[in-house]
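Working notes for the structure below.
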Amino acid sequence: MKTIIINGSPKAAHGNTEVFITQFLKGMTNQSEVAYVAKTDRHQLARYIRSFDTVLFVMPLYIHAMPGIVMKLIECMESATGPGKSMGFLVQSGFMESAQSQYLERYLRAITKDLNYTYLGTVIRGGSAGISMMPESMNKKLFKQLNQLGACFECNGTFDRDIVKALGSVQSLSKGRCFLFEALGKVGLSDAIFWNGMLKNNKAFERRFDRPFV
Ligand SMILES: Cc1cc2nc3c(=O)[nH]c(=O)nc-3n(C[C@H](O)[C@H](O)[C@H](O)COP(=O)(O)O)c2cc1C
């Protein structure tokens with residue numbers, strides 16, 4: 001099975017998507033090739049993809065959808081002409097609910113079928129906005145899951161169901177949890193502490209409510 005992993009982040013190797021790919025590959029004995037949509041001509045990449053049996057897209061969720069550069073690449077892809085071609089996806093996002101990615105998942109399933117590829121599924125992981133900035137100890141559980149996901153993928157050519165289920169386990173927030181987060185936010189104990197710190201470090205805090213396109 002010849003596999004190519006496509007990093008669909010506009011940040012290429014400098015975002016959270018890259019962390020997901022690195023940890024996924026760590027579980028494999030034979031490394032798969034990685035290509036960056038943000039750094040490659042999309043027509044060239046779409047042609048190159050045709051020489052692989054399996055295409056694995058790893059991307060962030062942007063506004064409940066895939067990044068535009070991924071969509072443009074997919075639009076350049078041609079349908080598979082024979083059997084044995086498969087496509088899978090890993091979508092990671094900022095908000096913790098995996099339900100955020102459900103619309104995209106539906107599209108990915110449909111487009112895979114349209115392109116005459118076998119659909120391997122979509123792995124969804126929310127709550128990932130800070131992972132490239134967090135110490136490794138805080139990502140221990142996630143990294144272990146991704147290592148195992150990569151190892152199983154190399155062995156079976158599919159995603160392990162249990163790991164997929166565990167990664168996307170926070171489907172939506174219960175009323176109780178929403179209430180708790182709201183209360184914590186009111187007393188200043190939300191993740192705004194972290195994001196505000198980042199805004200201040202980048203001298204953008206005072207401009208956080210700017211609406212440049214209005
Ligand atoms: C323009 C933009 C739009 C985003 N939209 C969403 C969204 O709709 N839902 C969500 O859960 N996270 C959203 N996020 C958060 C990203 O999915 C998250 O930070 C991800 O880890 C970024 O991966 P990257 O560093 O590889 O780009 C958005 C981030 C950006 C920059």
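Starting from 1 in every chain, residues are counted up; chains themselves are A, B, ... following the order of the structure tokens, and ligands are numbered from 1 as listed.
The neighbours of Arg161 of chain A here are the residues that come within 10 Å of it, using only C-alpha atoms and leaving out any residue fewer than 5 positions away in the same chain; they are Gly121, Val123, Leu149, Ala166 and Leu167 of chain A.
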Which chain A residues have any atom within 8 Å of an atom of ligand 1, and for each, what is the nearest pair of atoms with distance in Å to one decimal, counting only C-alpha atoms and all ligand atoms, rows sorted by chain and number, as JSON lines?
{"residue": "A:Gly8", "atom": "CA", "partner": "ligand 1", "partner_atom_place_in_ligand_line": "26 (O)", "distance": 7.6}
{"residue": "A:Ser9", "atom": "CA", "partner": "ligand 1", "partner_atom_place_in_ligand_line": "26 (O)", "distance": 4.6}
{"residue": "A:Pro10", "atom": "CA", "partner": "ligand 1", "partner_atom_place_in_ligand_line": "27 (O)", "distance": 6.1}
{"residue": "A:Lys11", "atom": "CA", "partner": "ligand 1", "partner_atom_place_in_ligand_line": "27 (O)", "distance": 5.5}
{"residue": "A:Ala12", "atom": "CA", "partner": "ligand 1", "partner_atom_place_in_ligand_line": "26 (O)", "distance": 7.0}
{"residue": "A:Ala13", "atom": "CA", "partner": "ligand 1", "partner_atom_place_in_ligand_line": "26 (O)", "distance": 8.0}
{"residue": "A:His14", "atom": "CA", "partner": "ligand 1", "partner_atom_place_in_ligand_line": "25 (O)", "distance": 6.9}
{"residue": "A:Gly15", "atom": "CA", "partner": "ligand 1", "partner_atom_place_in_ligand_line": "25 (O)", "distance": 3.3}
{"residue": "A:Asn16", "atom": "CA", "partner": "ligand 1", "partner_atom_place_in_ligand_line": "25 (O)", "distance": 3.9}
{"residue": "A:Thr17", "atom": "CA", "partner": "ligand 1", "partner_atom_place_in_ligand_line": "26 (O)", "distance": 3.8}
{"residue": "A:Glu18", "atom": "CA", "partner": "ligand 1", "partner_atom_place_in_ligand_line": "26 (O)", "distance": 6.4}
{"residue": "A:Met59", "atom": "CA", "partner": "ligand 1", "partner_atom_place_in_ligand_line": "26 (O)", "distance": 6.5}
{"residue": "A:Pro60", "atom": "CA", "partner": "ligand 1", "partner_atom_place_in_ligand_line": "23 (O)", "distance": 4.4}
{"residue": "A:Leu61", "atom": "CA", "partner": "ligand 1", "partner_atom_place_in_ligand_line": "17 (O)", "distance": 4.1}
{"residue": "A:Tyr62", "atom": "CA", "partner": "ligand 1", "partner_atom_place_in_ligand_line": "5 (N)", "distance": 3.5}
{"residue": "A:Ile63", "atom": "CA", "partner": "ligand 1", "partner_atom_place_in_ligand_line": "8 (O)", "distance": 3.2}
{"residue": "A:His64", "atom": "CA", "partner": "ligand 1", "partner_atom_place_in_ligand_line": "8 (O)", "distance": 3.9}
{"residue": "A:Ala65", "atom": "CA", "partner": "ligand 1", "partner_atom_place_in_ligand_line": "8 (O)", "distance": 6.8}
{"residue": "A:Gln92", "atom": "CA", "partner": "ligand 1", "partner_atom_place_in_ligand_line": "21 (O)", "distance": 5.8}
{"residue": "A:Ser93", "atom": "CA", "partner": "ligand 1", "partner_atom_place_in_ligand_line": "17 (O)", "distance": 3.4}
{"residue": "A:Gly94", "atom": "CA", "partner": "ligand 1", "partner_atom_place_in_ligand_line": "12 (N)", "distance": 3.6}
{"residue": "A:Phe95", "atom": "CA", "partner": "ligand 1", "partner_atom_place_in_ligand_line": "11 (O)", "distance": 3.7}
{"residue": "A:Met96", "atom": "CA", "partner": "ligand 1", "partner_atom_place_in_ligand_line": "11 (O)", "distance": 6.7}
{"residue": "A:Glu97", "atom": "CA", "partner": "ligand 1", "partner_atom_place_in_ligand_line": "11 (O)", "distance": 7.3}
{"residue": "A:Ser98", "atom": "CA", "partner": "ligand 1", "partner_atom_place_in_ligand_line": "11 (O)", "distance": 7.9}
{"residue": "A:Gln100", "atom": "CA", "partner": "ligand 1", "partner_atom_place_in_ligand_line": "11 (O)", "distance": 5.9}
{"residue": "A:Ser101", "atom": "CA", "partner": "ligand 1", "partner_atom_place_in_ligand_line": "9 (N)", "distance": 7.4}
{"residue": "A:Gly126", "atom": "CA", "partner": "ligand 1", "partner_atom_place_in_ligand_line": "11 (O)", "distance": 6.3}
{"residue": "A:Gly127", "atom": "CA", "partner": "ligand 1", "partner_atom_place_in_ligand_line": "11 (O)", "distance": 7.2}
{"residue": "A:Ser128", "atom": "CA", "partner": "ligand 1", "partner_atom_place_in_ligand_line": "21 (O)", "distance": 4.8}
{"residue": "A:Ala129", "atom": "CA", "partner": "ligand 1", "partner_atom_place_in_ligand_line": "19 (O)", "distance": 3.6}
{"residue": "A:Gly130", "atom": "CA", "partner": "ligand 1", "partner_atom_place_in_ligand_line": "21 (O)", "distance": 6.8}
{"residue": "A:Ile131", "atom": "CA", "partner": "ligand 1", "partner_atom_place_in_ligand_line": "21 (O)", "distance": 7.3}
{"residue": "A:Ser132", "atom": "CA", "partner": "ligand 1", "partner_atom_place_in_ligand_line": "25 (O)", "distance": 7.7}
Next, the residues of the selection above should be written as a CSV table (one decimal), in the first residue's frame with N, CA, C and O atoms.
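Below is the file that was written, again_1.csv:
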chain,number,residue,atom,x,y,z
A,8,GLY,N,-3.1,19.7,5.0
A,8,GLY,CA,-3.9,20.7,4.4
A,8,GLY,C,-4.0,22.0,5.1
A,8,GLY,O,-4.8,22.8,4.9
A,9,SER,N,-3.0,22.2,6.0
A,9,SER,CA,-3.0,23.5,6.8
A,9,SER,C,-2.4,24.6,6.0
A,9,SER,O,-1.3,24.4,5.4
A,10,PRO,N,-3.0,25.8,6.0
A,10,PRO,CA,-2.4,26.9,5.3
A,10,PRO,C,-1.1,27.3,6.0
A,10,PRO,O,-0.2,28.0,5.5
A,11,LYS,N,-0.9,26.8,7.3
A,11,LYS,CA,0.4,27.1,8.0
A,11,LYS,C,1.4,26.0,7.7
A,11,LYS,O,2.5,26.0,8.3
A,12,ALA,N,1.1,25.1,6.8
A,12,ALA,CA,2.1,24.1,6.3
A,12,ALA,C,2.7,23.3,7.5
A,12,ALA,O,1.9,22.8,8.4
A,13,ALA,N,4.0,23.4,7.6
A,13,ALA,CA,4.7,22.6,8.7
A,13,ALA,C,4.7,23.3,10.0
A,13,ALA,O,5.3,22.9,11.0
A,14,HIS,N,4.0,24.5,10.1
A,14,HIS,CA,4.1,25.3,11.4
A,14,HIS,C,2.9,25.4,12.2
A,14,HIS,O,2.7,26.3,13.0
A,15,GLY,N,1.9,24.4,11.9
A,15,GLY,CA,0.7,24.5,12.7
A,15,GLY,C,0.4,23.2,13.4
A,15,GLY,O,1.2,22.3,13.5
A,16,ASN,N,-0.8,23.1,13.9
A,16,ASN,CA,-1.2,21.9,14.7
A,16,ASN,C,-1.3,20.7,13.8
A,16,ASN,O,-1.1,19.6,14.3
A,17,THR,N,-1.7,20.9,12.6
A,17,THR,CA,-1.9,19.8,11.7
A,17,THR,C,-0.6,19.0,11.6
A,17,THR,O,-0.6,17.8,11.6
A,18,GLU,N,0.5,19.7,11.5
A,18,GLU,CA,1.8,19.1,11.4
A,18,GLU,C,2.1,18.2,12.7
A,18,GLU,O,2.7,17.1,12.6
A,59,MET,N,-6.1,17.9,8.1
A,59,MET,CA,-6.4,19.3,7.9
A,59,MET,C,-7.1,19.9,9.2
A,59,MET,O,-7.7,19.2,9.9
A,60,PRO,N,-7.0,21.2,9.3
A,60,PRO,CA,-7.7,21.9,10.4
A,60,PRO,C,-9.1,22.2,9.9
A,60,PRO,O,-9.4,22.3,8.7
A,61,LEU,N,-10.0,22.4,10.8
A,61,LEU,CA,-11.4,22.9,10.5
A,61,LEU,C,-11.3,24.4,10.5
A,61,LEU,O,-10.9,25.0,11.5
A,62,TYR,N,-11.7,25.0,9.4
A,62,TYR,CA,-11.8,26.5,9.3
A,62,TYR,C,-13.2,26.9,9.0
A,62,TYR,O,-13.7,26.6,7.9
A,63,ILE,N,-13.9,27.6,9.9
A,63,ILE,CA,-15.3,28.0,9.7
A,63,ILE,C,-16.2,26.8,9.3
A,63,ILE,O,-16.8,26.9,8.2
A,64,HIS,N,-16.1,25.8,10.1
A,64,HIS,CA,-17.0,24.6,9.9
A,64,HIS,C,-16.7,23.9,8.5
A,64,HIS,O,-17.5,23.2,8.0
A,65,ALA,N,-15.6,24.2,7.9
A,65,ALA,CA,-15.3,23.7,6.6
A,65,ALA,C,-13.8,23.4,6.4
A,65,ALA,O,-13.1,23.5,7.4
A,92,GLN,N,-8.8,18.2,12.5
A,92,GLN,CA,-8.7,18.6,13.9
A,92,GLN,C,-9.1,20.1,14.0
A,92,GLN,O,-9.0,20.8,13.0
A,93,SER,N,-9.7,20.4,15.1
A,93,SER,CA,-10.3,21.7,15.2
A,93,SER,C,-10.2,22.3,16.6
A,93,SER,O,-9.7,21.7,17.6
A,94,GLY,N,-10.5,23.6,16.7
A,94,GLY,CA,-10.3,24.3,17.9
A,94,GLY,C,-11.3,24.1,19.0
A,94,GLY,O,-11.0,23.7,20.2
A,95,PHE,N,-12.6,24.2,18.7
A,95,PHE,CA,-13.7,23.9,19.7
A,95,PHE,C,-13.7,22.5,20.1
A,95,PHE,O,-13.4,21.6,19.2
A,96,MET,N,-14.1,22.1,21.3
A,96,MET,CA,-13.9,20.7,21.7
A,96,MET,C,-14.9,19.8,21.2
A,96,MET,O,-14.7,18.6,21.1
A,97,GLU,N,-16.1,20.3,20.7
A,97,GLU,CA,-17.1,19.4,20.2
A,97,GLU,C,-16.8,18.8,18.8
A,97,GLU,O,-16.6,19.6,17.9
A,98,SER,N,-16.8,17.5,18.6
A,98,SER,CA,-16.5,16.9,17.3
A,98,SER,C,-17.7,17.2,16.4
A,98,SER,O,-17.5,17.1,15.1
A,100,GLN,N,-18.8,19.9,15.5
A,100,GLN,CA,-18.4,21.0,14.7
A,100,GLN,C,-18.0,20.6,13.3
A,100,GLN,O,-18.1,21.3,12.3
A,101,SER,N,-17.4,19.4,13.2
A,101,SER,CA,-16.9,18.9,11.9
A,101,SER,C,-17.9,18.0,11.1
A,101,SER,O,-17.5,17.5,10.1
A,126,GLY,N,-11.5,17.4,18.2
A,126,GLY,CA,-11.7,18.8,18.6
A,126,GLY,C,-10.7,19.2,19.7
A,126,GLY,O,-9.8,18.4,20.1
A,127,GLY,N,-10.8,20.5,20.2
A,127,GLY,CA,-10.0,20.9,21.3
A,127,GLY,C,-8.5,20.9,21.0
A,127,GLY,O,-7.7,20.6,21.9
A,128,SER,N,-8.1,21.2,19.7
A,128,SER,CA,-6.7,21.0,19.4
A,128,SER,C,-6.0,22.3,19.1
A,128,SER,O,-4.9,22.3,18.6
A,129,ALA,N,-6.7,23.5,19.3
A,129,ALA,CA,-6.1,24.8,18.9
A,129,ALA,C,-4.8,25.1,19.6
A,129,ALA,O,-3.9,25.7,19.0
A,130,GLY,N,-4.6,24.5,20.8
A,130,GLY,CA,-3.3,24.9,21.5
A,130,GLY,C,-2.3,23.9,21.5
A,130,GLY,O,-1.2,24.1,22.2
A,131,ILE,N,-2.4,22.8,20.8
A,131,ILE,CA,-1.5,21.7,21.0
A,131,ILE,C,0.0,21.9,20.7
A,131,ILE,O,0.8,21.4,21.3
A,132,SER,N,0.2,22.8,19.6
A,132,SER,CA,1.6,23.0,19.3
A,132,SER,C,2.3,24.0,20.3
A,132,SER,O,3.5,24.1,20.3
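Taking atom CA of Lys85 of chain A as the reference point, atom CA of Thr40 of chain A is found at 22.2 Å.
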I need the residues of segment 130-203 of chain A that end up classed as alpha helix (DSSP H) by DSSP on the backbone, written out as a VMD selection string.
chain A and resid 140 to 156 161 to 167 175 to 186 192 to 201
Apply DSSP to the structure's backbone, then extract all residues of segment 97-181 of chain A labelled strand (DSSP E) and return them as a list in words.
Thr118, Tyr119, Leu120, Gly121, Thr122, Val123, Ile124 and Arg125 of chain A
Distance query Phe209 of chain A at most 12 Å, only C-alpha atoms, self and fewer than 5 positions along chain excluded, as a PDB file with N, CA, C and O atoms, in the first residue's frame:
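Now in part-v4.pdb:
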ATOM      1  N   LEU A 199      -2.655  37.508  22.575  1.00  0.00           N
ATOM      2  CA  LEU A 199      -2.953  38.786  21.911  1.00  0.00           C
ATOM      3  C   LEU A 199      -2.025  39.882  22.433  1.00  0.00           C
ATOM      4  O   LEU A 199      -1.497  40.686  21.669  1.00  0.00           O
ATOM      5  N   ALA A 204      -1.739  42.930  20.054  1.00  0.00           N
ATOM      6  CA  ALA A 204      -3.008  43.009  19.325  1.00  0.00           C
ATOM      7  C   ALA A 204      -4.208  43.045  20.268  1.00  0.00           C
ATOM      8  O   ALA A 204      -5.348  43.070  19.811  1.00  0.00           O
ATOM      9  N   VAL A 214     -16.007  45.528   7.924  1.00  0.00           N
ATOM     10  CA  VAL A 214     -17.354  46.096   8.066  1.00  0.00           C
ATOM     11  C   VAL A 214     -17.356  47.530   7.530  1.00  0.00           C
ATOM     12  O   VAL A 214     -16.504  48.308   7.862  1.00  0.00           O
TER      13      VAL A 214
END
Can you pull out every residue within 9 Å of Pro83 of chain A, counting only C-alpha atoms, but drop anything in the same chain fewer than 6 positions away, and send it as an MDAnalysis selection string?
chainID A and resid 116:118
Could you tell me which of A:Arg50, A:Lys140, A:Leu120, A:Phe205 comes closest to Val164 of chain A if we count only C-alpha atoms?
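Closest to Val164 of chain A of all the choices is A:Leu120.
The interatomic distance for the pair atom CA of Lys144 of chain A and atom CA of Ile163 of chain A works out to 10.1 Å.
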Mind pulling up the distance from atom CA of Ile6 of chain A to atom CA of Ile21 of chain A?
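That distance, rounded to one decimal, is 9.1 Å.
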Please identify all polymer residues within 12 Å of Val34 of chain A, counting only C-alpha atoms, omitting same-chain residues fewer than 2 positions from it, and present them as a list in words.
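So, after excluding close chain neighbours, the residues are Lys2, Thr3, Ile4, Ile5, Ile6, Asn7, Gly8, Ala12, Ala13, Thr17, Glu18, Ile21, Thr22, Phe24, Leu25, Gln31, Ser32, Tyr36, Val37, Lys39, Thr40, Leu45, Tyr48, Ile49, Phe52, Val55, Leu56, Phe57 and Val58 of chain A.
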Next, the residues of the selection above should be written as a compact mmCIF listing (two decimals), in the first residue's frame with N, CA and C atoms.
# COMPACT_ATOMS: atom_id res chain seq x y z
N LYS A 2 0.79 2.02 -1.07
CA LYS A 2 1.60 3.25 -1.15
C LYS A 2 0.73 4.42 -0.70
N THR A 3 1.14 5.03 0.39
CA THR A 3 0.30 6.09 0.98
C THR A 3 0.97 7.45 0.92
N ILE A 4 0.17 8.46 0.62
CA ILE A 4 0.66 9.84 0.73
C ILE A 4 -0.20 10.57 1.75
N ILE A 5 0.47 11.32 2.61
CA ILE A 5 -0.27 12.13 3.60
C ILE A 5 -0.22 13.58 3.12
N ILE A 6 -1.39 14.18 3.05
CA ILE A 6 -1.48 15.57 2.59
C ILE A 6 -1.74 16.48 3.78
N ASN A 7 -0.81 17.38 4.05
CA ASN A 7 -1.01 18.36 5.11
C ASN A 7 -1.80 19.52 4.50
N GLY A 8 -3.05 19.69 4.96
CA GLY A 8 -3.94 20.69 4.37
C GLY A 8 -3.97 22.02 5.11
N ALA A 12 1.13 25.12 6.76
CA ALA A 12 2.05 24.05 6.33
C ALA A 12 2.68 23.34 7.54
N ALA A 13 4.01 23.38 7.65
CA ALA A 13 4.67 22.61 8.71
C ALA A 13 4.69 23.34 10.05
N THR A 17 -1.73 20.91 12.60
CA THR A 17 -1.88 19.78 11.67
C THR A 17 -0.57 18.99 11.57
N GLU A 18 0.52 19.73 11.54
CA GLU A 18 1.84 19.08 11.44
C GLU A 18 2.11 18.20 12.67
N ILE A 21 0.31 14.98 12.21
CA ILE A 21 0.98 14.12 11.23
C ILE A 21 2.24 13.49 11.84
N THR A 22 3.02 14.30 12.54
CA THR A 22 4.26 13.80 13.15
C THR A 22 3.96 12.64 14.10
N PHE A 24 1.22 10.74 14.18
CA PHE A 24 0.65 9.62 13.42
C PHE A 24 1.79 8.80 12.79
N LEU A 25 2.76 9.51 12.22
CA LEU A 25 3.89 8.83 11.57
C LEU A 25 4.78 8.11 12.58
N GLN A 31 7.88 5.07 7.05
CA GLN A 31 7.24 6.38 6.95
C GLN A 31 6.55 6.60 5.61
N SER A 32 5.39 7.24 5.66
CA SER A 32 4.72 7.62 4.42
C SER A 32 5.21 9.01 4.02
N TYR A 36 2.66 19.09 1.22
CA TYR A 36 2.03 20.28 1.81
C TYR A 36 1.25 21.04 0.74
N VAL A 37 -0.05 21.13 0.95
CA VAL A 37 -0.89 21.84 -0.03
C VAL A 37 -0.44 23.30 -0.13
N LYS A 39 2.37 24.56 0.07
CA LYS A 39 3.69 24.81 -0.54
C LYS A 39 3.83 24.25 -1.95
N THR A 40 2.75 23.63 -2.47
CA THR A 40 2.87 22.95 -3.76
C THR A 40 1.82 23.45 -4.74
N LEU A 45 0.29 18.71 -7.69
CA LEU A 45 0.04 17.79 -6.57
C LEU A 45 -1.10 16.83 -6.91
N TYR A 48 0.32 14.20 -9.02
CA TYR A 48 1.24 13.35 -8.25
C TYR A 48 0.48 12.33 -7.39
N ILE A 49 -0.62 12.79 -6.81
CA ILE A 49 -1.45 11.95 -5.94
C ILE A 49 -1.90 10.67 -6.65
N PHE A 52 -0.38 7.17 -6.03
CA PHE A 52 -0.51 6.52 -4.72
C PHE A 52 -1.81 5.73 -4.62
N VAL A 55 -4.67 7.97 -0.15
CA VAL A 55 -4.44 9.39 0.12
C VAL A 55 -5.07 9.72 1.47
N LEU A 56 -4.24 10.29 2.34
CA LEU A 56 -4.73 10.64 3.67
C LEU A 56 -4.61 12.15 3.85
N PHE A 57 -5.75 12.82 3.93
CA PHE A 57 -5.74 14.26 4.14
C PHE A 57 -5.79 14.55 5.64
N VAL A 58 -4.87 15.37 6.11
CA VAL A 58 -4.92 15.82 7.50
C VAL A 58 -5.05 17.34 7.45
With distances taken over only C-alpha atoms, which of A:Asn139, A:Gln148, A:Ile124, A:Glu182 is nearest to Lys165 of chain A?
A:Ile124
Let me make sure I understand: among A:Glu136, A:Gly157, A:Lys186, A:Phe213, which one has the smallest atom-to-atom distance to Gly84 of chain A if we use only C-alpha atoms?
A:Gly157
Residue among A:Arg177, A:Arg211, A:Lys72, A:Lys26 lying closest to Leu146 of chain A, counting only C-alpha atoms
A:Lys26
A:Ser137, A:Ser86, A:Gln145, A:Thr54 ranked by distance to Gln23 of chain A, top pick (using only C-alpha atoms)
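Selected residue with least distance to Gln23 of chain A: A:Gln145.
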